[in-house]
$ cat query_25.txt   # compact mmCIF, C-alpha atoms (C1' of nucleotides)
# COMPACT_ATOMS: atom_id res chain seq x y z
CA MET A 636 0.00 0.00 0.00
CA PRO A 637 1.74 3.07 -1.29
CA ARG A 638 1.49 6.18 0.86
CA VAL A 639 1.99 9.70 -0.45
CA LEU A 640 4.29 11.64 1.84
CA PRO A 641 3.06 15.01 3.20
CA GLU A 642 3.30 17.84 0.70
CA PRO A 643 2.05 21.42 0.41
CA SER A 644 -1.03 22.33 -1.62
CA VAL A 645 -0.63 24.53 -4.67
CA ASP A 646 -2.19 27.45 -2.79
CA SER A 647 0.44 27.34 -0.10
CA PHE A 648 3.42 27.32 -2.45
CA ASP A 649 6.01 29.83 -1.28
CA LEU A 650 8.40 31.25 -3.85
CA THR A 651 11.06 31.89 -1.24
CA VAL A 652 10.99 28.24 -0.21
CA ILE A 653 10.97 27.07 -3.83
CA LEU A 654 13.89 29.25 -4.90
CA SER A 655 15.87 28.33 -1.79
CA ALA A 656 15.35 24.68 -2.62
CA LEU A 657 16.47 25.18 -6.22
CA ALA A 658 19.43 27.36 -5.27
CA GLU A 659 21.31 24.44 -3.75
CA PRO A 660 23.47 22.77 -6.44
CA GLY A 661 22.91 19.21 -5.25
CA ARG A 662 19.15 19.59 -5.06
CA ARG A 663 19.07 21.29 -8.44
CA ALA A 664 21.07 18.39 -9.89
CA LEU A 665 18.49 15.94 -8.54
CA MET A 666 15.69 18.05 -9.99
CA THR A 667 17.41 18.29 -13.37
CA GLU A 668 17.76 14.53 -13.59
CA LEU A 669 14.17 14.07 -12.53
CA TYR A 670 12.92 16.70 -14.94
CA ARG A 671 14.65 15.13 -17.92
CA GLY A 672 14.13 11.44 -17.28
CA PRO A 673 11.08 9.18 -17.22
CA GLU A 674 8.75 9.30 -14.24
CA PRO A 675 7.78 8.07 -11.76
CA ILE A 676 11.16 6.73 -10.73
CA ASP A 677 13.03 5.31 -7.75
CA CYS A 678 14.74 8.20 -5.96
CA ALA A 679 17.90 6.13 -5.50
CA VAL A 680 18.24 5.79 -9.27
CA ILE A 681 18.11 9.56 -9.65
CA ALA A 682 20.58 10.05 -6.83
CA GLU A 683 22.95 7.65 -8.56
CA LYS A 684 22.63 9.42 -11.90
CA ALA A 685 23.16 12.80 -10.29
CA ASP A 686 26.35 11.37 -8.82
CA LEU A 687 26.69 13.79 -5.92
CA GLY A 688 29.25 12.59 -3.42
CA LEU A 689 26.86 12.76 -0.50
CA SER A 690 25.85 10.46 2.33
CA SER A 691 22.37 8.97 2.43
CA PRO A 692 21.20 11.17 5.31
CA THR A 693 22.09 14.20 3.23
CA ILE A 694 20.36 12.85 0.12
CA SER A 695 17.31 12.09 2.21
CA HIS A 696 17.39 15.61 3.60
CA HIS A 697 17.52 17.12 0.11
CA TYR A 698 14.57 15.06 -1.09
CA ARG A 699 12.63 16.21 1.93
CA VAL A 700 13.38 19.87 1.18
CA LEU A 701 12.28 19.40 -2.44
CA ARG A 702 9.08 17.70 -1.33
CA GLU A 703 8.23 20.28 1.32
CA ALA A 704 8.78 23.02 -1.25
CA GLY A 705 6.19 21.36 -3.48
CA LEU A 706 8.64 20.55 -6.24
CA ILE A 707 8.27 16.78 -6.09
CA ARG A 708 5.78 14.18 -4.95
CA THR A 709 7.15 11.24 -3.00
CA VAL A 710 5.34 7.93 -2.70
CA ALA A 711 6.60 5.28 -0.29
CA GLU A 712 6.38 1.82 -1.84
CA GLY A 713 7.91 -0.79 0.37
CA ARG A 714 11.40 0.28 1.23
CA LYS A 715 11.69 2.42 -1.84
CA ARG A 716 10.67 6.00 -2.51
CA ILE A 717 9.13 6.78 -5.86
CA VAL A 718 9.31 10.41 -6.91
CA THR A 719 7.71 12.59 -9.57
CA VAL A 720 8.05 16.26 -10.46
CA ARG A 721 4.87 18.23 -9.71
CA ARG A 722 4.96 19.81 -13.16
CA GLY A 723 1.32 20.73 -13.38
CA ASP A 724 1.14 22.33 -9.96
CA MET A 725 4.33 24.29 -10.53
CA GLU A 726 3.23 25.40 -13.97
CA ALA A 727 -0.13 26.52 -12.57
CA ARG A 728 1.48 28.69 -9.95
CA PHE A 729 4.80 29.76 -11.49
CA PRO A 730 4.60 29.23 -15.25
CA GLY A 731 7.94 28.71 -16.95
CA LEU A 732 9.91 28.51 -13.73
CA LEU A 733 10.96 24.86 -13.86
CA SER A 734 11.79 25.08 -17.53
CA ALA A 735 13.89 28.22 -16.99
CA VAL A 736 15.81 26.74 -14.07
CA LEU A 737 16.22 23.12 -15.13
CA THR A 738 16.84 23.41 -18.87
CA GLU A 739 20.53 23.62 -19.61
CA ARG A 740 21.79 25.92 -22.27
CA MET B 1020 31.67 61.02 -14.63
CA PRO B 1021 29.49 58.01 -14.16
CA ARG B 1022 31.29 54.77 -13.40
CA VAL B 1023 29.79 51.34 -13.91
CA LEU B 1024 30.39 49.19 -10.84
CA PRO B 1025 32.09 45.77 -11.32
CA GLU B 1026 29.75 43.11 -12.66
CA PRO B 1027 30.07 39.60 -14.06
CA SER B 1028 30.03 38.92 -17.79
CA VAL B 1029 27.18 36.88 -19.23
CA ASP B 1030 29.52 33.93 -19.70
CA SER B 1031 30.32 33.79 -16.02
CA PHE B 1032 26.72 33.85 -14.82
CA ASP B 1033 26.21 31.21 -12.15
CA LEU B 1034 22.70 29.86 -11.65
CA THR B 1035 23.41 28.98 -8.03
CA VAL B 1036 24.43 32.56 -7.32
CA ILE B 1037 21.45 33.96 -9.23
CA LEU B 1038 18.88 31.75 -7.50
CA SER B 1039 20.43 32.41 -4.10
CA ALA B 1040 20.14 36.12 -4.76
CA LEU B 1041 16.50 35.82 -5.82
CA ALA B 1042 15.59 33.49 -2.97
CA GLU B 1043 15.93 36.24 -0.39
CA PRO B 1044 12.56 38.02 0.05
CA GLY B 1045 13.99 41.52 0.44
CA ARG B 1046 16.19 41.23 -2.63
CA ARG B 1047 13.36 39.76 -4.64
CA ALA B 1048 11.15 42.67 -3.59
CA LEU B 1049 13.78 45.10 -4.87
CA MET B 1050 14.02 43.17 -8.13
CA THR B 1051 10.25 43.10 -8.54
CA GLU B 1052 10.00 46.86 -8.15
CA LEU B 1053 12.88 47.34 -10.55
CA TYR B 1054 11.45 44.90 -13.05
CA ARG B 1055 8.08 46.62 -13.14
CA GLY B 1056 9.02 50.28 -13.00
CA PRO B 1057 10.82 52.61 -15.42
CA GLU B 1058 14.59 52.39 -15.73
CA PRO B 1059 17.23 53.49 -15.10
CA ILE B 1060 16.30 54.65 -11.66
CA ASP B 1061 17.82 55.84 -8.39
CA CYS B 1062 18.26 52.80 -6.16
CA ALA B 1063 17.01 54.75 -3.14
CA VAL B 1064 13.68 55.29 -4.90
CA ILE B 1065 13.29 51.57 -5.43
CA ALA B 1066 14.28 50.83 -1.85
CA GLU B 1067 11.61 53.26 -0.68
CA LYS B 1068 8.93 51.72 -2.87
CA ALA B 1069 9.87 48.23 -1.74
CA ASP B 1070 9.41 49.46 1.82
CA LEU B 1071 11.58 46.86 3.54
CA GLY B 1072 12.28 47.85 7.11
CA LEU B 1073 16.02 47.57 6.69
CA SER B 1074 19.04 49.71 7.52
CA SER B 1075 21.08 51.30 4.74
CA PRO B 1076 24.05 48.96 5.19
CA THR B 1077 21.71 46.04 4.65
CA ILE B 1078 20.09 47.63 1.60
CA SER B 1079 23.55 48.35 0.22
CA HIS B 1080 24.54 44.74 0.85
CA HIS B 1081 21.50 43.44 -1.02
CA TYR B 1082 22.18 45.65 -4.02
CA ARG B 1083 25.73 44.37 -4.08
CA VAL B 1084 24.57 40.76 -4.06
CA LEU B 1085 22.17 41.47 -6.93
CA ARG B 1086 24.88 43.21 -8.90
CA GLU B 1087 27.48 40.49 -8.33
CA ALA B 1088 24.95 37.90 -9.43
CA GLY B 1089 24.55 39.77 -12.70
CA LEU B 1090 20.92 40.67 -12.12
CA ILE B 1091 21.39 44.43 -12.12
CA ARG B 1092 23.81 47.02 -13.45
CA THR B 1093 24.79 49.80 -11.07
CA VAL B 1094 26.15 53.13 -12.23
CA ALA B 1095 27.59 55.59 -9.72
CA GLU B 1096 26.56 59.14 -10.55
CA GLY B 1097 27.69 61.55 -7.89
CA ARG B 1098 26.46 60.32 -4.58
CA LYS B 1099 23.61 58.39 -6.14
CA ARG B 1100 23.47 54.90 -7.57
CA ILE B 1101 21.47 54.38 -10.72
CA VAL B 1102 20.36 50.81 -11.35
CA THR B 1103 18.92 48.83 -14.25
CA VAL B 1104 17.87 45.24 -14.67
CA ARG B 1105 20.16 43.32 -17.04
CA ARG B 1106 17.18 41.94 -18.93
CA GLY B 1107 18.97 41.16 -22.14
CA ASP B 1108 21.87 39.36 -20.52
CA MET B 1109 19.58 37.34 -18.28
CA GLU B 1110 17.28 36.48 -21.15
CA ALA B 1111 20.22 35.38 -23.25
CA ARG B 1112 21.47 33.01 -20.60
CA PHE B 1113 18.34 31.94 -18.73
CA PRO B 1114 15.31 32.68 -20.93
CA GLY B 1115 12.10 33.21 -19.03
CA LEU B 1116 13.70 33.15 -15.60
CA LEU B 1117 13.14 36.77 -14.58
CA SER B 1118 9.61 36.73 -15.89
CA ALA B 1119 8.80 33.53 -14.03
CA VAL B 1120 10.23 34.75 -10.75
CA LEU B 1121 9.25 38.41 -10.77
CA THR B 1122 5.79 38.34 -12.31
CA GLU B 1123 3.11 38.18 -9.63
CA ARG B 1124 0.10 36.04 -10.04
C1' DC C 1351 36.86 75.13 2.93
C1' DT C 1352 33.33 73.18 5.62
C1' DC C 1353 29.65 70.49 6.35
C1' DA C 1354 25.84 67.61 5.66
C1' DT C 1355 24.29 63.70 2.67
C1' DC C 1356 24.38 59.25 0.29
C1' DG C 1357 26.25 55.10 0.15
C1' DT C 1358 29.89 51.62 1.39
C1' DT C 1359 32.90 49.00 4.38
C1' DT C 1360 34.04 46.82 8.63
C1' DG C 1361 33.22 44.13 12.58
C1' DA C 1362 30.24 41.66 15.37
C1' DC C 1363 26.24 38.83 16.45
C1' DG C 1364 22.72 35.44 15.90
C1' DT C 1365 20.54 32.25 13.05
C1' DG C 1366 20.04 28.91 9.57
C1' DC C 1367 21.79 25.33 6.72
C1' DA C 1368 24.57 21.46 4.58
C1' DT C 1369 26.86 17.68 6.13
C1' DC C 1370 27.99 13.38 8.44
C1' DG C 1371 27.98 9.29 11.84
C1' DA C 1372 25.15 6.72 14.66
C1' DA C 1373 20.92 4.95 15.94
C1' DC C 1374 16.29 3.85 14.59
C1' DT C 1375 12.16 2.19 11.51
C1' DT C 1376 10.21 -0.26 8.09
C1' DT C 1377 10.18 -3.82 4.74
C1' DA C 1378 11.71 -7.92 1.83
C1' DG C 1379 13.71 -12.51 1.77
C1' DC C 1380 14.73 -16.73 3.76
C1' DG D 1375 11.20 -14.87 13.63
C1' DC D 1376 16.04 -13.28 11.86
C1' DT D 1377 18.58 -10.66 9.16
C1' DA D 1378 19.88 -7.57 5.58
C1' DA D 1379 18.59 -3.48 2.99
C1' DA D 1380 16.58 1.26 2.13
C1' DG D 1381 15.48 5.53 4.17
C1' DT D 1382 14.75 8.51 8.01
C1' DT D 1383 15.72 10.87 12.31
C1' DC D 1384 18.79 12.74 15.76
C1' DG D 1385 22.69 15.23 17.43
C1' DA D 1386 26.70 17.64 16.53
C1' DT D 1387 29.70 20.54 13.78
C1' DG D 1388 31.33 23.98 10.78
C1' DC D 1389 30.27 27.50 7.67
C1' DA D 1390 27.52 30.95 5.31
C1' DC D 1391 24.27 34.60 5.57
C1' DG D 1392 21.16 38.56 7.04
C1' DT D 1393 21.35 42.22 10.06
C1' DC D 1394 22.84 46.42 12.41
C1' DA D 1395 25.89 50.16 14.58
C1' DA D 1396 29.87 52.59 13.90
C1' DA D 1397 33.34 54.37 11.12
C1' DC D 1398 34.72 55.62 6.67
C1' DG D 1399 34.84 57.69 1.77
C1' DA D 1400 32.93 60.59 -1.82
C1' DT D 1401 30.17 64.25 -3.42
C1' DG D 1402 27.19 68.43 -3.68
C1' DA D 1403 25.81 72.88 -1.38
C1' DG D 1404 26.87 77.07 0.72
$ encode --input "query_25.txt" --output "structure tokens"
Amino acid sequence: MPRVLPEPSVDSFDLTVILSALAEPGRRALMTELYRGPEPIDCAVIAEKADLGLSSPTISHHYRVLREAGLIRTVAEGRKRIVTVRRGDMEARFPGLLSAVLTER
Amino acid sequence: MPRVLPEPSVDSFDLTVILSALAEPGRRALMTELYRGPEPIDCAVIAEKADLGLSSPTISHHYRVLREAGLIRTVAEGRKRIVTVRRGDMEARFPGLLSAVLTER
DNA sequence: CTCATCGTTTGACGTGCATCGAACTTTAGC
DNA sequence: GCTAAAGTTCGATGCACGTCAAACGATGAG
């Protein structure tokens, strides 16, 4: 039985929280991988692809920050965590933001 | 004799620095006022309109952070500082970013 | 030249954050 | 039931950042 971890509603999105989350290089790397690849996906797979040299507590912390900012949805399935980008919600509230931040040039 | 204060070239723009600058509410308020109003403009006028309750050293610090991120150009004219948003440079490097962040909804 | 004004720099203070190791929780496999 | 595996939580640590008061230029007015 998959459970969706707590996340903010679109109405309560806070741009300060969102930009702070995206400002951190490691978190932005995770988001970039997520944004480009297929979803939903195991968060460990993304973490591996992003290839940050960080411990698992730190990775876990970063995923939590992204989730609490409203950037991703996390679903617990067994021992794994399946994540998706909340594209629609972000686009509804801050159109073009994810594309501008996560699209390399 | 107006002097342009030191600023990064477009090539050396750093998204981490830019997002960190925009993540701070006071700085983003300054940017929003700048982005909307006529330019170039006296930075003190913008600071007044933004109506942050901050000391002048702090305001000065925030303008410096914005400038060093590449978000604004500052020209010293006498005792005043005239600022403009570097729209073109930002658009060239991160299309849609300023609009997404500074356009209220 | 003198002085008041605008802004910056410096130094200090408190807070927040990224990071890790260790301990804990939950789940899958046997 | 055990045990191993995947993530999370907790506590501690070090560093970065926002903030202000005080001191310091630089400039315009008289």
$ residues_around --input "query_25.txt" --residues "range 701-714 of chain A" --least-positions-apart "5" --cutoff "6 Å" --atoms "all atoms listed in the file" --output "JSON, numbers by chain"
{"A": [637, 638, 639, 640, 642, 643, 652, 653, 719, 720, 721], "C": [1377], "D": [1380]}
$ write_last_selection --input "query_25.txt" --atoms "C-alpha atoms (C1' of nucleotides)" --output "compact mmCIF listing (two decimals), keeping the file's coordinate frame"
# COMPACT_ATOMS: atom_id res chain seq x y z
CA PRO A 637 1.74 3.07 -1.29
CA ARG A 638 1.49 6.18 0.86
CA VAL A 639 1.99 9.70 -0.45
CA LEU A 640 4.29 11.64 1.84
CA GLU A 642 3.30 17.84 0.70
CA PRO A 643 2.05 21.42 0.41
CA VAL A 652 10.99 28.24 -0.21
CA ILE A 653 10.97 27.07 -3.83
CA THR A 719 7.71 12.59 -9.57
CA VAL A 720 8.05 16.26 -10.46
CA ARG A 721 4.87 18.23 -9.71
C1' DT C 1377 10.18 -3.82 4.74
C1' DA D 1380 16.58 1.26 2.13
$ residues_around --input "query_25.txt" --residues "DA1372 in chain C" --least-positions-apart "4" --cutoff "12 Å" --atoms "only C-alpha atoms (C1' of nucleotides)" --output "JSON, numbers by chain"
{"A": [692], "D": [1383, 1384, 1385, 1386]}
$ write_last_selection --input "query_25.txt" --atoms "C-alpha atoms (C1' of nucleotides)" --output "compact mmCIF listing (two decimals), in the frame of the given file"
# COMPACT_ATOMS: atom_id res chain seq x y z
CA PRO A 692 21.20 11.17 5.31
C1' DT D 1383 15.72 10.87 12.31
C1' DC D 1384 18.79 12.74 15.76
C1' DG D 1385 22.69 15.23 17.43
C1' DA D 1386 26.70 17.64 16.53
$ interface_residues --input "query_25.txt" --of "chain C" --to "chain B" --cutoff "8 Å" --atoms "all atoms listed in the file" --output "PyMOL selection string"
chain C and resi 1356-1358
$ closest_atom_pairs --input "query_25.txt" --of "chain D" --to "chain B" --cutoff "9 Å" --atoms "all atoms listed in the file" --output "CSV"
residue,atom,partner,partner_atom,distance
D:DG1392,C1',B:Thr1077,CA,7.9
D:DT1393,C1',B:Thr1077,CA,6.6
D:DC1394,C1',B:Ser1074,CA,7.0
D:DA1400,C1',B:Arg1098,CA,7.0
D:DT1401,C1',B:Arg1098,CA,5.5
D:DG1402,C1',B:Gly1097,CA,8.1
$ write_last_selection --input "query_25.txt" --atoms "C-alpha atoms (C1' of nucleotides)" --output "PDB file, keeping the file's coordinate frame"
ATOM      1  C1'  DG D1392      21.160  38.560   7.040  1.00  0.00           C
ATOM      2  C1'  DT D1393      21.350  42.220  10.060  1.00  0.00           C
ATOM      3  C1'  DC D1394      22.840  46.420  12.410  1.00  0.00           C
ATOM      4  C1'  DA D1400      32.930  60.590  -1.820  1.00  0.00           C
ATOM      5  C1'  DT D1401      30.170  64.250  -3.420  1.00  0.00           C
ATOM      6  C1'  DG D1402      27.190  68.430  -3.680  1.00  0.00           C
TER       7       DG D1402
END
$ closest_atom_pairs --input "query_25.txt" --of "chain A" --to "chain B" --cutoff "8 Å" --atoms "only C-alpha atoms" --output "Markdown table"
| residue | atom | partner | partner_atom | distance |
| --- | --- | --- | --- | --- |
| A:Leu650 | CA | B:Ala1042 | CA | 7.6 |
| A:Thr651 | CA | B:Ala1042 | CA | 5.1 |
| A:Val652 | CA | B:Ala1042 | CA | 7.5 |
| A:Ile653 | CA | B:Ala1042 | CA | 8.0 |
| A:Leu654 | CA | B:Ala1042 | CA | 5.0 |
| A:Ser655 | CA | B:Ala1042 | CA | 5.3 |
| A:Leu657 | CA | B:Leu1038 | CA | 7.1 |
| A:Ala658 | CA | B:Leu1038 | CA | 5.0 |
| A:Glu659 | CA | B:Thr1035 | CA | 6.6 |
| A:Pro660 | CA | B:Thr1035 | CA | 6.4 |
| A:Arg728 | CA | B:Arg1124 | CA | 7.5 |
| A:Phe729 | CA | B:Ala1119 | CA | 6.1 |
| A:Pro730 | CA | B:Ala1119 | CA | 6.1 |
| A:Gly731 | CA | B:Ala1119 | CA | 5.7 |
| A:Leu732 | CA | B:Ala1119 | CA | 5.1 |
| A:Ala735 | CA | B:Leu1116 | CA | 5.1 |
| A:Val736 | CA | B:Leu1116 | CA | 6.9 |
| A:Arg740 | CA | B:Arg1112 | CA | 7.3 |
$ atom_distance --input "query_25.txt" --atom1 "CA of Leu669 in chain A" --atom2 "CA of Lys684 in chain A"
9.7 Å
$ residues_around --input "query_25.txt" --residues "DC1367 in chain C" --least-positions-apart "3" --cutoff "10 Å" --atoms "all atoms listed in the file" --output "list in words"
DC1389, DA1390 and DC1391 of chain D
$ atom_distance --input "query_25.txt" --atom1 "CA of Ala1069 in chain B" --atom2 "CA of Thr1051 in chain B"
8.5 Å
$ atom_distance --input "query_25.txt" --atom1 "CA of Ala682 in chain A" --atom2 "CA of Phe1032 in chain B"
25.8 Å
$ decode --input "query_25.txt" --residues "range 677-714 of chain A" --atoms "N, CA and C atoms" --output "JSON list (two decimals), in the first residue's frame"
[["chain", "number", "residue", "atom", "x", "y", "z"],
["A", 677, "ASP", "N", 12.40, 5.56, -9.05],
["A", 677, "ASP", "CA", 13.03, 5.31, -7.75],
["A", 677, "ASP", "C", 14.02, 6.44, -7.45],
["A", 678, "CYS", "N", 13.89, 7.05, -6.29],
["A", 678, "CYS", "CA", 14.74, 8.20, -5.96],
["A", 678, "CYS", "C", 16.21, 7.81, -5.90],
["A", 679, "ALA", "N", 16.50, 6.57, -5.58],
["A", 679, "ALA", "CA", 17.90, 6.13, -5.50],
["A", 679, "ALA", "C", 18.53, 6.11, -6.89],
["A", 680, "VAL", "N", 17.74, 5.80, -7.89],
["A", 680, "VAL", "CA", 18.24, 5.79, -9.27],
["A", 680, "VAL", "C", 18.65, 7.20, -9.68],
["A", 681, "ILE", "N", 17.80, 8.17, -9.34],
["A", 681, "ILE", "CA", 18.11, 9.56, -9.65],
["A", 681, "ILE", "C", 19.36, 10.01, -8.91],
["A", 682, "ALA", "N", 19.43, 9.65, -7.64],
["A", 682, "ALA", "CA", 20.58, 10.05, -6.83],
["A", 682, "ALA", "C", 21.87, 9.49, -7.42],
["A", 683, "GLU", "N", 21.77, 8.26, -7.95],
["A", 683, "GLU", "CA", 22.95, 7.65, -8.56],
["A", 683, "GLU", "C", 23.35, 8.38, -9.84],
["A", 684, "LYS", "N", 22.34, 8.70, -10.65],
["A", 684, "LYS", "CA", 22.63, 9.42, -11.90],
["A", 684, "LYS", "C", 23.20, 10.81, -11.64],
["A", 685, "ALA", "N", 22.68, 11.46, -10.61],
["A", 685, "ALA", "CA", 23.16, 12.80, -10.29],
["A", 685, "ALA", "C", 24.61, 12.75, -9.80],
["A", 686, "ASP", "N", 24.97, 11.61, -9.20],
["A", 686, "ASP", "CA", 26.35, 11.37, -8.82],
["A", 686, "ASP", "C", 26.93, 12.46, -7.92],
["A", 687, "LEU", "N", 26.16, 12.89, -6.92],
["A", 687, "LEU", "CA", 26.69, 13.79, -5.92],
["A", 687, "LEU", "C", 27.47, 12.91, -4.96],
["A", 688, "GLY", "N", 28.48, 13.43, -4.33],
["A", 688, "GLY", "CA", 29.25, 12.59, -3.42],
["A", 688, "GLY", "C", 28.75, 12.71, -1.99],
["A", 689, "LEU", "N", 27.46, 12.47, -1.80],
["A", 689, "LEU", "CA", 26.86, 12.76, -0.50],
["A", 689, "LEU", "C", 26.37, 11.51, 0.21],
["A", 690, "SER", "N", 26.34, 11.57, 1.52],
["A", 690, "SER", "CA", 25.85, 10.46, 2.33],
["A", 690, "SER", "C", 24.34, 10.33, 2.18],
["A", 691, "SER", "N", 23.81, 9.15, 2.57],
["A", 691, "SER", "CA", 22.37, 8.97, 2.43],
["A", 691, "SER", "C", 21.54, 9.88, 3.34],
["A", 692, "PRO", "N", 21.99, 10.19, 4.55],
["A", 692, "PRO", "CA", 21.20, 11.17, 5.31],
["A", 692, "PRO", "C", 21.08, 12.51, 4.59],
["A", 693, "THR", "N", 22.13, 12.92, 3.94],
["A", 693, "THR", "CA", 22.09, 14.20, 3.23],
["A", 693, "THR", "C", 21.16, 14.14, 2.03],
["A", 694, "ILE", "N", 21.26, 13.04, 1.26],
["A", 694, "ILE", "CA", 20.36, 12.85, 0.12],
["A", 694, "ILE", "C", 18.91, 12.87, 0.60],
["A", 695, "SER", "N", 18.66, 12.14, 1.66],
["A", 695, "SER", "CA", 17.31, 12.09, 2.21],
["A", 695, "SER", "C", 16.83, 13.49, 2.60],
["A", 696, "HIS", "N", 17.71, 14.23, 3.21],
["A", 696, "HIS", "CA", 17.39, 15.61, 3.60],
["A", 696, "HIS", "C", 17.02, 16.45, 2.38],
["A", 697, "HIS", "N", 17.78, 16.33, 1.32],
["A", 697, "HIS", "CA", 17.52, 17.12, 0.11],
["A", 697, "HIS", "C", 16.17, 16.75, -0.51],
["A", 698, "TYR", "N", 15.87, 15.47, -0.56],
["A", 698, "TYR", "CA", 14.57, 15.06, -1.09],
["A", 698, "TYR", "C", 13.43, 15.62, -0.24],
["A", 699, "ARG", "N", 13.65, 15.66, 1.05],
["A", 699, "ARG", "CA", 12.63, 16.21, 1.93],
["A", 699, "ARG", "C", 12.41, 17.70, 1.65],
["A", 700, "VAL", "N", 13.48, 18.43, 1.47],
["A", 700, "VAL", "CA", 13.38, 19.87, 1.18],
["A", 700, "VAL", "C", 12.62, 20.09, -0.14],
["A", 701, "LEU", "N", 12.96, 19.29, -1.14],
["A", 701, "LEU", "CA", 12.28, 19.40, -2.44],
["A", 701, "LEU", "C", 10.79, 19.10, -2.30],
["A", 702, "ARG", "N", 10.48, 18.08, -1.53],
["A", 702, "ARG", "CA", 9.08, 17.70, -1.33],
["A", 702, "ARG", "C", 8.32, 18.77, -0.57],
["A", 703, "GLU", "N", 8.91, 19.29, 0.49],
["A", 703, "GLU", "CA", 8.23, 20.28, 1.32],
["A", 703, "GLU", "C", 8.11, 21.63, 0.60],
["A", 704, "ALA", "N", 8.92, 21.81, -0.43],
["A", 704, "ALA", "CA", 8.78, 23.02, -1.25],
["A", 704, "ALA", "C", 7.67, 22.87, -2.27],
["A", 705, "GLY", "N", 7.24, 21.62, -2.50],
["A", 705, "GLY", "CA", 6.19, 21.36, -3.48],
["A", 705, "GLY", "C", 6.72, 20.98, -4.84],
["A", 706, "LEU", "N", 8.04, 20.83, -4.94],
["A", 706, "LEU", "CA", 8.64, 20.55, -6.24],
["A", 706, "LEU", "C", 8.43, 19.11, -6.68],
["A", 707, "ILE", "N", 8.44, 18.19, -5.74],
["A", 707, "ILE", "CA", 8.27, 16.78, -6.09],
["A", 707, "ILE", "C", 7.19, 16.13, -5.21],
["A", 708, "ARG", "N", 6.67, 15.04, -5.74],
["A", 708, "ARG", "CA", 5.78, 14.18, -4.95],
["A", 708, "ARG", "C", 6.54, 12.90, -4.65],
["A", 709, "THR", "N", 6.45, 12.46, -3.40],
["A", 709, "THR", "CA", 7.15, 11.24, -3.00],
["A", 709, "THR", "C", 6.13, 10.21, -2.53],
["A", 710, "VAL", "N", 6.21, 9.02, -3.09],
["A", 710, "VAL", "CA", 5.34, 7.93, -2.70],
["A", 710, "VAL", "C", 6.19, 6.80, -2.13],
["A", 711, "ALA", "N", 5.87, 6.37, -0.92],
["A", 711, "ALA", "CA", 6.60, 5.28, -0.29],
["A", 711, "ALA", "C", 6.00, 3.96, -0.74],
["A", 712, "GLU", "N", 6.82, 3.14, -1.41],
["A", 712, "GLU", "CA", 6.38, 1.82, -1.84],
["A", 712, "GLU", "C", 7.38, 0.82, -1.30],
["A", 713, "GLY", "N", 6.98, 0.12, -0.28],
["A", 713, "GLY", "CA", 7.91, -0.79, 0.37],
["A", 713, "GLY", "C", 9.05, -0.02, 0.96],
["A", 714, "ARG", "N", 10.25, -0.45, 0.70],
["A", 714, "ARG", "CA", 11.40, 0.28, 1.23],
["A", 714, "ARG", "C", 11.83, 1.40, 0.32]]
